[in-house]
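> Structure file entry.csv (CSV, C-alpha atoms and all ligand atoms) right here:
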```csv
chain,number,residue,atom,x,y,z
A,1,MET,CA,82.9,166.9,-42.2
A,2,MET,CA,82.7,163.3,-41.0
A,3,ARG,CA,83.6,159.9,-42.4
A,4,GLN,CA,81.2,157.0,-43.1
A,5,VAL,CA,81.6,153.6,-44.7
A,6,VAL,CA,79.2,152.9,-47.6
A,7,LEU,CA,78.4,149.8,-49.6
A,8,LYS,CA,80.1,150.2,-53.0
A,9,ALA,CA,79.4,146.8,-54.5
A,10,ARG,CA,77.3,143.8,-53.4
A,11,PRO,CA,79.7,141.0,-52.2
A,12,GLN,CA,80.0,138.0,-54.4
A,13,GLY,CA,80.6,135.3,-51.8
A,14,ASN,CA,82.4,136.6,-48.7
A,15,PRO,CA,82.9,140.4,-48.5
A,16,ARG,CA,86.0,141.9,-49.9
A,17,ILE,CA,87.6,145.2,-49.2
A,18,GLY,CA,86.6,146.7,-52.6
A,19,ASP,CA,82.9,146.2,-51.7
A,20,PHE,CA,83.2,149.2,-49.3
A,21,ALA,CA,84.2,152.8,-49.6
A,22,VAL,CA,85.1,155.4,-46.9
A,23,GLU,CA,83.6,158.8,-47.8
A,24,GLU,CA,83.6,162.2,-46.4
A,25,VAL,CA,80.2,163.9,-45.9
A,26,PRO,CA,79.0,166.9,-43.9
A,27,ILE,CA,78.0,166.3,-40.3
A,28,PRO,CA,74.2,166.2,-40.4
A,29,GLU,CA,71.9,168.7,-38.6
A,30,PRO,CA,69.3,167.2,-36.3
A,31,LYS,CA,65.7,167.9,-37.2
A,32,PRO,CA,62.9,168.3,-34.6
A,33,GLY,CA,62.5,164.9,-32.8
A,34,GLU,CA,66.1,163.9,-33.6
A,35,ILE,CA,69.3,163.7,-31.7
A,36,LEU,CA,72.8,164.3,-33.0
A,37,LEU,CA,75.2,161.5,-32.1
A,38,ARG,CA,79.0,161.3,-32.0
A,39,GLY,CA,79.9,157.6,-32.4
A,40,LEU,CA,82.2,156.2,-29.8
A,41,TRP,CA,82.2,152.4,-30.5
A,42,LEU,CA,81.0,150.5,-33.6
A,43,SER,CA,80.2,146.8,-33.3
A,44,LEU,CA,81.2,144.4,-36.1
A,45,ASP,CA,78.9,141.4,-36.4
A,46,PRO,CA,78.4,138.6,-38.9
A,47,TYR,CA,74.7,139.4,-39.3
A,48,MET,CA,75.8,142.5,-41.2
A,49,ARG,CA,76.7,140.2,-44.1
A,50,LEU,CA,73.1,139.1,-44.4
A,51,GLY,CA,71.9,142.6,-45.4
A,52,LEU,CA,74.5,143.1,-48.2
A,53,ASP,CA,72.8,140.9,-50.8
A,54,GLU,CA,70.3,142.2,-53.4
A,55,LYS,CA,67.7,140.1,-51.6
A,56,PRO,CA,68.7,140.4,-47.9
A,57,MET,CA,68.9,137.0,-46.3
A,58,GLY,CA,66.6,135.9,-43.6
A,59,GLY,CA,64.6,139.1,-43.5
A,60,SER,CA,67.5,141.2,-42.2
A,61,ASN,CA,67.5,145.0,-43.1
A,62,GLY,CA,69.0,145.5,-46.5
A,63,VAL,CA,71.7,148.0,-47.3
A,64,PRO,CA,71.1,150.0,-50.6
A,65,LEU,CA,74.2,150.5,-52.8
A,66,GLY,CA,75.9,153.7,-51.8
A,67,ALA,CA,74.3,153.8,-48.3
A,68,PRO,CA,76.1,153.6,-45.0
A,69,LEU,CA,76.4,150.1,-43.5
A,70,ILE,CA,74.1,149.1,-40.7
A,71,GLY,CA,75.7,148.4,-37.4
A,72,GLY,CA,75.3,148.8,-33.6
A,73,VAL,CA,77.1,151.9,-32.2
A,74,VAL,CA,77.6,153.3,-28.7
A,75,SER,CA,77.4,157.1,-29.1
A,76,GLU,CA,77.3,160.3,-27.1
A,77,ILE,CA,74.5,162.8,-27.7
A,78,ILE,CA,76.0,166.1,-28.7
A,79,ALA,CA,72.8,167.9,-29.6
A,80,SER,CA,69.2,167.2,-29.0
A,81,LYS,CA,65.9,168.3,-30.5
A,82,ALA,CA,64.0,165.5,-28.8
A,83,ASP,CA,62.3,165.5,-25.4
A,84,GLY,CA,64.0,163.3,-22.8
A,85,PHE,CA,67.4,163.2,-24.5
A,86,SER,CA,70.2,165.6,-23.4
A,87,PRO,CA,73.7,166.3,-24.6
A,88,GLY,CA,76.3,164.2,-22.7
A,89,GLU,CA,74.0,161.1,-22.4
A,90,ILE,CA,75.1,157.8,-24.0
A,91,VAL,CA,72.9,155.7,-26.3
A,92,GLU,CA,73.3,152.4,-28.1
A,93,GLY,CA,71.5,151.6,-31.3
A,94,ARG,CA,71.9,150.5,-35.0
A,95,THR,CA,72.9,154.0,-36.2
A,96,GLY,CA,75.4,152.8,-38.8
A,97,TRP,CA,79.1,152.9,-39.8
A,98,ARG,CA,79.6,156.6,-39.4
A,99,GLU,CA,81.3,159.0,-37.1
A,100,TYR,CA,78.2,161.2,-36.5
A,101,ALA,CA,74.5,160.4,-37.1
A,102,ALA,CA,71.3,162.4,-36.7
A,103,VAL,CA,68.6,159.9,-35.8
A,104,SER,CA,65.0,159.9,-34.5
A,105,ALA,CA,64.9,159.5,-30.8
A,106,THR,CA,62.3,156.8,-31.4
A,107,LEU,CA,64.6,154.7,-33.6
A,108,PRO,CA,63.7,151.1,-32.9
A,109,GLY,CA,66.1,149.5,-30.4
A,110,LEU,CA,67.8,152.8,-29.4
A,111,ARG,CA,68.5,152.6,-25.6
A,112,LYS,CA,70.2,154.8,-23.1
A,113,ILE,CA,73.4,153.4,-21.5
A,114,LYS,CA,74.6,154.5,-18.0
A,115,ARG,CA,78.2,155.1,-17.5
A,116,GLY,CA,79.1,152.6,-14.7
A,117,LYS,CA,81.6,150.1,-13.6
A,118,PHE,CA,81.9,148.4,-16.9
A,119,SER,CA,83.4,149.7,-20.1
A,120,LEU,CA,81.0,151.2,-22.7
A,121,THR,CA,82.1,148.4,-25.1
A,122,THR,CA,80.1,145.9,-23.0
A,123,ALA,CA,76.9,147.5,-24.3
A,124,LEU,CA,77.8,145.9,-27.7
A,125,GLY,CA,79.1,142.6,-26.3
A,126,SER,CA,78.5,140.9,-23.0
A,127,LEU,CA,75.9,143.3,-21.8
A,128,GLY,CA,74.3,143.8,-25.3
A,129,MET,CA,73.0,141.8,-28.2
A,130,PRO,CA,75.7,139.1,-28.1
A,131,GLY,CA,75.2,138.7,-24.4
A,132,GLN,CA,71.5,138.3,-24.7
A,133,THR,CA,72.1,135.8,-27.6
A,134,ALA,CA,74.5,133.7,-25.6
A,135,HIS,CA,72.2,133.7,-22.6
A,136,ALA,CA,69.2,132.8,-24.7
A,137,GLY,CA,71.0,130.1,-26.6
A,138,MET,CA,72.4,128.4,-23.5
A,139,ILE,CA,69.5,128.8,-21.1
A,140,THR,CA,66.2,129.6,-22.9
A,141,VAL,CA,66.8,127.5,-25.9
A,142,GLY,CA,69.6,125.1,-24.9
A,143,ARG,CA,68.1,124.5,-21.4
A,144,VAL,CA,71.6,123.6,-20.2
A,145,LYS,CA,71.8,121.6,-16.9
A,146,ALA,CA,74.7,120.8,-14.5
A,147,GLY,CA,76.5,117.7,-15.5
A,148,GLU,CA,75.7,117.9,-19.2
A,149,THR,CA,78.2,118.2,-22.0
A,150,VAL,CA,78.0,121.1,-24.5
A,151,ILE,CA,79.9,121.3,-27.8
A,152,MET,CA,80.4,125.0,-28.6
A,153,SER,CA,81.1,126.0,-32.2
A,154,GLY,CA,82.5,129.5,-32.8
A,155,ALA,CA,84.0,129.3,-29.3
A,156,SER,CA,86.5,132.1,-29.9
A,157,GLY,CA,83.8,134.6,-31.1
A,158,ALA,CA,81.6,137.1,-29.3
A,159,VAL,CA,78.6,134.8,-28.7
A,160,GLY,CA,80.4,131.4,-28.4
A,161,SER,CA,83.0,132.7,-25.9
A,162,LEU,CA,80.2,134.0,-23.6
A,163,ALA,CA,77.8,131.1,-24.2
A,164,GLY,CA,80.5,128.6,-23.2
A,165,GLN,CA,81.3,130.5,-20.0
A,166,ILE,CA,77.6,130.5,-19.1
A,167,GLY,CA,77.5,126.8,-19.6
A,168,LYS,CA,80.5,126.5,-17.2
A,169,ILE,CA,78.8,128.8,-14.6
A,170,LEU,CA,75.7,126.5,-14.7
A,171,GLY,CA,77.8,123.3,-14.2
A,172,ALA,CA,78.2,121.9,-17.7
A,173,ARG,CA,81.2,120.4,-19.3
A,174,VAL,CA,82.0,122.6,-22.3
A,175,VAL,CA,84.1,121.6,-25.3
A,176,GLY,CA,84.9,124.5,-27.6
A,177,ILE,CA,85.7,124.6,-31.3
A,178,ALA,CA,88.0,127.3,-32.7
A,179,GLY,CA,90.4,128.0,-35.6
A,180,GLY,CA,94.0,127.3,-34.6
A,181,PRO,CA,96.1,126.6,-31.5
A,182,GLU,CA,96.2,130.2,-30.3
A,183,LYS,CA,92.5,130.7,-30.4
A,184,CYS,CA,92.0,127.3,-28.7
A,185,ALA,CA,94.4,128.4,-26.0
A,186,ALA,CA,92.4,131.7,-25.6
A,187,VAL,CA,89.2,129.7,-25.3
A,188,GLU,CA,90.6,127.3,-22.7
A,189,ALA,CA,91.9,130.3,-20.7
A,190,LEU,CA,88.2,131.3,-20.4
A,191,GLY,CA,87.6,128.1,-18.5
A,192,PHE,CA,86.3,125.8,-21.3
A,193,ASP,CA,87.2,122.1,-20.5
A,194,ALA,CA,88.8,121.6,-23.9
A,195,CYS,CA,89.0,123.3,-27.3
A,196,ILE,CA,89.4,121.5,-30.6
A,197,ASP,CA,91.0,123.2,-33.7
A,198,TYR,CA,88.6,122.9,-36.6
A,199,LYS,CA,91.5,123.7,-39.0
A,200,ALA,CA,93.6,120.7,-38.0
A,201,PRO,CA,93.5,117.7,-40.4
A,202,ASP,CA,92.3,115.3,-37.7
A,203,PHE,CA,89.5,117.6,-36.4
A,204,ALA,CA,86.6,115.2,-36.4
A,205,LYS,CA,88.6,112.5,-34.7
A,206,ALA,CA,89.9,114.9,-32.1
A,207,LEU,CA,86.4,116.3,-31.4
A,208,ALA,CA,85.1,112.7,-31.0
A,209,ALA,CA,87.9,112.0,-28.5
A,210,ALA,CA,87.0,115.1,-26.5
A,211,VAL,CA,83.4,114.0,-26.3
A,212,PRO,CA,83.7,110.3,-25.3
A,213,GLU,CA,80.2,110.0,-23.8
A,214,SER,CA,78.2,112.1,-26.3
A,215,ALA,CA,76.8,115.5,-25.7
A,216,GLU,CA,73.4,116.9,-24.7
A,217,ILE,CA,73.9,120.2,-26.5
A,218,TYR,CA,75.5,121.4,-29.8
A,219,PHE,CA,75.5,125.2,-30.0
A,220,GLU,CA,75.4,126.0,-33.7
A,221,ASN,CA,77.2,129.2,-34.8
A,222,VAL,CA,79.0,128.2,-38.0
A,223,GLY,CA,77.5,125.3,-40.0
A,224,GLY,CA,79.4,123.3,-42.6
A,225,ALA,CA,82.1,120.8,-41.7
A,226,VAL,CA,82.0,121.7,-38.0
A,227,THR,CA,78.3,120.8,-37.8
A,228,ARG,CA,78.9,117.5,-39.7
A,229,ALA,CA,81.6,116.6,-37.2
A,230,ALA,CA,79.5,117.5,-34.1
A,231,LEU,CA,76.0,116.0,-34.9
A,232,PRO,CA,77.1,112.4,-34.8
A,233,LEU,CA,78.5,113.0,-31.2
A,234,LEU,CA,75.0,114.0,-29.8
A,235,LYS,CA,72.8,111.9,-27.6
A,236,TYR,CA,69.3,111.0,-28.7
A,237,GLY,CA,67.1,114.0,-28.1
A,238,ALA,CA,70.0,116.4,-27.8
A,239,ARG,CA,69.3,120.2,-28.1
A,240,VAL,CA,70.8,122.2,-30.9
A,241,PRO,CA,70.3,125.9,-30.4
A,242,VAL,CA,70.7,127.2,-34.0
A,243,CYS,CA,72.2,130.6,-33.3
A,244,GLY,CA,73.8,131.1,-36.7
A,245,PHE,CA,75.7,129.4,-39.5
A,246,MET,CA,78.2,132.0,-40.7
A,247,SER,CA,80.3,129.7,-42.8
A,248,LEU,CA,77.3,129.5,-45.2
A,249,TYR,CA,76.2,133.2,-45.3
A,250,ALA,CA,78.0,133.8,-48.6
A,251,LEU,CA,75.9,131.1,-50.3
A,252,GLY,CA,72.8,133.2,-50.4
A,253,ASP,CA,69.2,132.3,-49.4
A,254,VAL,CA,69.1,128.8,-50.9
A,255,GLY,CA,72.7,127.5,-51.4
A,256,PRO,CA,73.7,124.0,-52.4
A,257,GLY,CA,75.5,123.0,-49.2
A,258,PRO,CA,78.1,122.2,-47.8
A,259,ASP,CA,75.6,121.0,-45.2
A,260,HIS,CA,74.0,118.5,-47.5
A,261,LEU,CA,70.5,119.3,-46.2
A,262,PRO,CA,69.0,115.8,-46.9
A,263,GLY,CA,71.7,114.2,-44.7
A,264,LEU,CA,71.1,116.8,-42.0
A,265,MET,CA,67.4,116.3,-42.0
A,266,ARG,CA,68.0,112.6,-41.8
A,267,MET,CA,70.2,113.1,-38.7
A,268,ILE,CA,67.5,115.3,-37.2
A,269,MET,CA,65.0,112.6,-37.7
A,270,LEU,CA,67.1,109.6,-36.6
A,271,LYS,CA,68.3,111.2,-33.4
A,272,GLY,CA,65.1,113.0,-32.6
A,273,LEU,CA,66.9,116.3,-32.4
A,274,GLU,CA,65.1,119.5,-31.5
A,275,ILE,CA,66.6,122.3,-33.6
A,276,ARG,CA,65.2,125.6,-32.8
A,277,GLY,CA,66.3,128.9,-34.4
A,278,PHE,CA,66.1,132.0,-32.3
A,279,SER,CA,66.8,135.7,-32.2
A,280,GLY,CA,68.7,136.2,-29.0
A,281,ALA,CA,67.6,139.8,-28.4
A,282,PHE,CA,63.9,138.8,-28.7
A,283,VAL,CA,63.8,135.7,-26.6
A,284,ALA,CA,66.4,136.3,-23.9
A,285,ALA,CA,65.0,136.1,-20.4
A,286,PRO,CA,64.0,139.5,-19.0
A,287,ASN,CA,66.8,139.2,-16.4
A,288,ALA,CA,69.5,138.3,-19.0
A,289,LEU,CA,71.4,141.5,-18.9
A,290,ALA,CA,71.2,141.8,-15.1
A,291,GLU,CA,72.5,138.3,-14.7
A,292,LEU,CA,75.3,138.9,-17.2
A,293,GLU,CA,76.1,142.1,-15.4
A,294,SER,CA,76.4,140.3,-12.0
A,295,TRP,CA,78.6,137.5,-13.5
A,296,LEU,CA,80.8,140.1,-15.1
A,297,GLY,CA,81.0,142.1,-11.8
A,298,GLU,CA,82.0,138.9,-10.0
A,299,GLY,CA,84.7,138.1,-12.5
A,300,ARG,CA,82.9,134.9,-13.6
A,301,ILE,CA,82.8,136.2,-17.1
A,302,LYS,CA,86.0,137.5,-18.7
A,303,LEU,CA,85.9,140.0,-21.5
A,304,LEU,CA,87.4,139.0,-24.8
A,305,GLU,CA,87.5,142.0,-27.1
A,306,THR,CA,89.6,143.2,-30.1
A,307,VAL,CA,89.7,147.0,-30.5
A,308,ILE,CA,90.2,148.3,-34.1
A,309,GLU,CA,91.5,151.8,-34.2
A,310,ASP,CA,89.9,154.3,-36.7
A,311,ILE,CA,86.7,153.9,-38.7
A,312,ALA,CA,88.9,153.7,-41.9
A,313,ASN,CA,90.1,150.3,-40.6
A,314,ALA,CA,86.5,149.0,-40.1
A,315,PRO,CA,86.1,147.4,-43.6
A,316,ALA,CA,89.4,145.5,-43.3
A,317,ALA,CA,88.4,144.2,-39.9
A,318,PHE,CA,85.0,143.2,-41.1
A,319,VAL,CA,86.5,141.4,-44.1
A,320,GLY,CA,88.8,139.7,-41.7
A,321,MET,CA,85.9,138.2,-39.8
A,322,PHE,CA,85.1,136.0,-42.8
A,323,ALA,CA,88.7,135.4,-43.7
A,324,GLY,CA,90.2,133.9,-40.6
A,325,SER,CA,91.7,137.1,-39.0
A,326,ALA,CA,93.7,136.8,-35.8
A,327,ASP,CA,91.0,138.9,-33.9
A,328,THR,CA,89.1,137.3,-31.1
A,329,GLY,CA,86.0,138.0,-29.1
A,330,LYS,CA,83.9,141.1,-29.6
A,331,ARG,CA,85.3,143.2,-32.4
A,332,LEU,CA,84.9,147.0,-31.8
A,333,VAL,CA,86.0,150.0,-33.8
A,334,ARG,CA,87.1,153.0,-31.7
A,335,LEU,CA,85.4,155.9,-33.4
A,336,ALA,CA,86.6,158.7,-31.0
A,337,ALA,CA,90.1,159.2,-29.7
A,338,ASP,CA,89.0,160.0,-26.1
A,339,VAL,CA,87.3,156.7,-25.2
B,401,LIG,N1,70.4,134.3,-33.5
B,401,LIG,C1,70.9,135.5,-33.1
B,401,LIG,O1,70.1,136.3,-32.4
B,401,LIG,C2,72.3,135.9,-33.3
B,401,LIG,C3,72.9,137.0,-32.6
B,401,LIG,C4,74.2,137.2,-32.8
B,401,LIG,C5,75.0,136.4,-33.6
B,401,LIG,N2,74.4,135.3,-34.2
B,401,LIG,C6,75.2,134.4,-35.1
B,401,LIG,O2,76.1,133.7,-34.2
B,401,LIG,C7,77.3,133.4,-34.8
B,401,LIG,C8,78.5,133.9,-34.0
B,401,LIG,O3,78.3,135.3,-34.0
B,401,LIG,P1,79.5,136.2,-33.2
B,401,LIG,O4,79.0,137.5,-33.0
B,401,LIG,O5,80.0,135.4,-32.1
B,401,LIG,O6,80.6,136.3,-34.4
B,401,LIG,P2,82.2,136.4,-34.3
B,401,LIG,O7,82.6,137.1,-33.0
B,401,LIG,O8,82.7,136.9,-35.6
B,401,LIG,O9,82.6,134.9,-34.1
B,401,LIG,C9,82.4,134.0,-35.1
B,401,LIG,C10,83.0,132.6,-34.8
B,401,LIG,O10,82.7,131.7,-35.9
B,401,LIG,C11,83.8,131.0,-36.3
B,401,LIG,N3,83.8,130.8,-37.7
B,401,LIG,C12,83.8,131.8,-38.7
B,401,LIG,N4,83.8,131.2,-39.9
B,401,LIG,C13,83.9,129.9,-39.7
B,401,LIG,C14,84.1,128.7,-40.5
B,401,LIG,N5,84.1,128.9,-41.9
B,401,LIG,N6,84.2,127.5,-40.0
B,401,LIG,C15,84.2,127.3,-38.6
B,401,LIG,N7,84.1,128.4,-37.7
B,401,LIG,C16,84.0,129.6,-38.3
B,401,LIG,C17,85.0,131.9,-35.9
B,401,LIG,O11,86.0,130.9,-35.5
B,401,LIG,P3,87.6,131.2,-35.5
B,401,LIG,O12,87.8,132.7,-35.4
B,401,LIG,O13,88.1,130.6,-34.2
B,401,LIG,O14,88.2,130.7,-36.7
B,401,LIG,C18,84.5,132.7,-34.7
B,401,LIG,O15,84.8,132.0,-33.5
B,401,LIG,C19,77.1,133.9,-36.2
B,401,LIG,O16,76.7,132.9,-37.1
B,401,LIG,C20,76.1,135.0,-36.1
B,401,LIG,O17,75.4,135.3,-37.3
B,401,LIG,C21,73.1,135.1,-34.1
```
Transcribe the structure of this file into structure tokens.


Amino acid sequence: MMRQVVLKARPQGNPRIGDFAVEEVPIPEPKPGEILLRGLWLSLDPYMRLGLDEKPMGGSNGVPLGAPLIGGVVSEIIASKADGFSPGEIVEGRTGWREYAAVSATLPGLRKIKRGKFSLTTALGSLGMPGQTAHAGMITVGRVKAGETVIMSGASGAVGSLAGQIGKILGARVVGIAGGPEKCAAVEALGFDACIDYKAPDFAKALAAAVPESAEIYFENVGGAVTRAALPLLKYGARVPVCGFMSLYALGDVGPGPDHLPGLMRMIMLKGLEIRGFSGAFVAAPNALAELESWLGEGRIKLLETVIEDIANAPAAFVGMFAGSADTGKRLVRLAADV
């Protein structure tokens, strides 16, 4: 038998623990063309919230009620009925919140991972989708240049912590935004020039003081009050890579605010802003992962990871992502005791 986490109820607003159930089911048998995977590491990502509504937001894959949640997993192949895949090999793909999975070897996005000098967890963080996203947002979309100033929202998270470090590598001044003094200290320890606490009462004033000469880039991860404080601090023609807006995900596809869209559109017009949404894994430069790997190897990128023990704790950790948990960086669930 194995455990898996299924969607019990569709979240009303931010996800709550009662929206999920951990159930025991038989370990599946692989069919011809399939591989049987033993999960090692499960990635927790804000995008997973987008698939939990009746009408999945933004074209993300929906999760039917009673079905296992979607999520990226690093797994070991323990049986194979597919050519080119052997037991003992490691793969990464969206195989779901479960301890074992039998999946087609042609599952879109499934890739082999070589054991090497970096932990397997990096396949879900710096050397995976969040890494590609940070690289794409800072370089492909943000076009950061030495000497520019970047305001980085979500700076204590998986994407923001990396994107800010990439900005520093490329010679920018990077001002992070994070929730609370401890998270700001963690962000500054990564090499950011400053970090402003968005939960402090004087947040907007403190952010303005940290960006005295306006900024060329606002990296959008969160939306809401953080965005409203950052946009007035941008230069004419500043770039705004819109990576995500997770404070608004619970509002559904339309939502009344709190971004006050007419005001936002006015700001876009008045300041001539170029705001370009993107999907990091699709538009990252072909050398993104190789470049990240070399920066990681040289110690120029530091890993920020929180490991959650046991799949049964995954729902609480996921709920915490939307409720100000103390976790930082890439959140990972250890699925097997021996990794
Ligand atoms: N476009 C793409 O291809 C792509 C790919 C991956 C992720 N994303 C998006 O990028 C964003 C960051 O993802 P991630 O993987 O880095 O997530 P993460 O590790 O959970 O980090 C999220 C960050 O957002 C901050 N945050 C959460 N709720 C907030 C709120 N209400 N107000 C202000 N800040 C808030 C958190 O700040 P504190 O913890 O400091 O409070 C945290 O630093 C998300 O919007 C995600 O959907 C987009």

> Ligand LIG 401 (chain B): which residues are within 8 Å, counting all atoms listed in the file, as JSON, numbers by chain?

{"A": [44, 45, 46, 47, 129, 130, 133, 134, 153, 154, 155, 156, 157, 158, 159, 160, 161, 177, 178, 179, 180, 183, 184, 197, 198, 220, 221, 222, 223, 224, 225, 226, 242, 243, 244, 245, 246, 247, 248, 277, 278, 279, 280, 281, 282, 321, 322, 323, 324, 325, 326, 327, 328, 329, 330, 331]}

> What lies within 8 Å of segment 284-296 of chain A using all atoms listed in the file, ignoring chain neighbours under 2 positions off, as a short mmCIF file (atom, residue, chain, number, x, y, z; two decimals) with C-alpha atoms, in the coordinates of the input?


```
data_model
loop_
_atom_site.label_atom_id
_atom_site.label_comp_id
_atom_site.auth_asym_id
_atom_site.auth_seq_id
_atom_site.Cartn_x
_atom_site.Cartn_y
_atom_site.Cartn_z
CA SER A 126 78.50 140.90 -23.00
CA LEU A 127 75.90 143.30 -21.80
CA GLY A 128 74.30 143.80 -25.30
CA GLY A 131 75.20 138.70 -24.40
CA GLN A 132 71.50 138.30 -24.70
CA THR A 133 72.10 135.80 -27.60
CA HIS A 135 72.20 133.70 -22.60
CA ALA A 136 69.20 132.80 -24.70
CA THR A 140 66.20 129.60 -22.90
CA GLY A 280 68.70 136.20 -29.00
CA ALA A 281 67.60 139.80 -28.40
CA PHE A 282 63.90 138.80 -28.70
CA GLU A 298 82.00 138.90 -10.00
CA GLY A 299 84.70 138.10 -12.50
CA ARG A 300 82.90 134.90 -13.60
CA ILE A 301 82.80 136.20 -17.10
CA LYS A 302 86.00 137.50 -18.70
#
```

> Please report the interatomic distance between atom CA of Ala250 of chain A and atom CA of Gly18 of chain A in Å with one decimal.

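Value for the atom CA of Ala250 of chain A-atom CA of Gly18 of chain A distance: 16.0 Å.
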
> Please determine, counting all atoms listed in the file, which residue among A:Leu304, A:Ile139, A:Ile196, A:Ala229 has the shortest atom-to-atom distance to Pro241 of chain A.

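Of the candidates, the smallest distance to Pro241 of chain A is held by A:Ile139.
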
> Quote the spacing between atom CA of Pro32 of chain A and atom CA of Ala82 of chain A in Å to one decimal place.

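Computing it gives 6.5 Å between the two atoms.
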
> Go through A:Gly171, A:Pro56, A:Pro11, A:Gly137 one by one, measure the shortest atom-to-atom distance of each to Asp193 of chain A using all atoms listed in the file, and give the residue with the smallest value.

A:Gly171

> Write out as a PyMOL selection string each polymer residue whose atoms come within 12 Å of Asn313 of chain A, counting only C-alpha atoms; drop sequence neighbours fewer than 2 positions from it.

chain A and resi 3-5+17+20-22+42+44+97+307-311+315-320+331-335

> What is the atom CA of Ala123 of chain A to atom CA of Arg38 of chain A distance in Å?

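For atom CA of Ala123 of chain A relative to atom CA of Arg38 of chain A, the distance reads 15.9 Å.
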
> Nearest residue to Gly237 of chain A out of A:Phe118, A:Tyr218, A:Phe192, A:Trp41, using only C-alpha atoms?

A:Tyr218

> Just the residues within 9 Å of Gly39 of chain A, please, counting all atoms listed in the file, with nothing from its chain fewer than 5 positions along; format it as number ranges by chain.

A: 73-77, 95, 97-101, 334-336

> Point out the residue among A:Ala9, A:Ala67, A:Val283, A:Leu303 with the least atom-to-atom distance to Asp53 of chain A, counting only C-alpha atoms.

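Using only C-alpha atoms, Asp53 of chain A sits closest to A:Ala9.
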
> Point out the residue among A:Arg49, A:Lys168, A:Lys117, A:Lys271 with the least atom-to-atom distance to Tyr236 of chain A, counting all atoms listed in the file.

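Of A:Arg49, A:Lys168, A:Lys117, A:Lys271, the one nearest Tyr236 of chain A is A:Lys271, counting all atoms listed in the file.
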
> Go through A:Ala208, A:Leu52, A:Leu107, A:Ala186 one by one, measure the shortest atom-to-atom distance of each to Ile151 of chain A using all atoms listed in the file, and give the residue with the smallest value.

A:Ala208

> Return segment 323-327 of chain A, completed with all heavy atoms, as an mmCIF file, in the frame of the given file.


```
data_model
loop_
_atom_site.group_PDB
_atom_site.id
_atom_site.type_symbol
_atom_site.label_atom_id
_atom_site.label_comp_id
_atom_site.auth_asym_id
_atom_site.auth_seq_id
_atom_site.Cartn_x
_atom_site.Cartn_y
_atom_site.Cartn_z
ATOM 1 N N ALA A 323 87.546 135.872 -43.080
ATOM 2 C CA ALA A 323 88.700 135.400 -43.700
ATOM 3 C C ALA A 323 89.791 134.919 -42.728
ATOM 4 O O ALA A 323 90.986 135.010 -42.977
ATOM 5 C CB ALA A 323 89.302 136.434 -44.677
ATOM 6 N N GLY A 324 89.328 134.482 -41.538
ATOM 7 C CA GLY A 324 90.200 133.900 -40.600
ATOM 8 C C GLY A 324 91.238 134.883 -39.973
ATOM 9 O O GLY A 324 92.419 134.547 -39.814
ATOM 10 N N SER A 325 90.817 136.114 -39.643
ATOM 11 C CA SER A 325 91.700 137.100 -39.000
ATOM 12 C C SER A 325 92.121 136.575 -37.644
ATOM 13 O O SER A 325 91.496 135.677 -37.096
ATOM 14 C CB SER A 325 91.058 138.441 -38.898
ATOM 15 O OG SER A 325 90.236 138.453 -37.751
ATOM 16 N N ALA A 326 93.184 137.213 -37.077
ATOM 17 C CA ALA A 326 93.700 136.800 -35.800
ATOM 18 C C ALA A 326 92.805 137.361 -34.632
ATOM 19 O O ALA A 326 93.015 137.039 -33.472
ATOM 20 C CB ALA A 326 95.115 137.247 -35.579
ATOM 21 N N ASP A 327 91.831 138.217 -34.958
ATOM 22 C CA ASP A 327 91.000 138.900 -33.900
ATOM 23 C C ASP A 327 90.194 137.848 -33.147
ATOM 24 O O ASP A 327 89.739 136.858 -33.696
ATOM 25 C CB ASP A 327 90.064 139.885 -34.550
ATOM 26 C CG ASP A 327 90.806 140.988 -35.277
ATOM 27 O OD1 ASP A 327 92.003 141.169 -34.991
ATOM 28 O OD2 ASP A 327 90.190 141.647 -36.113
#
```
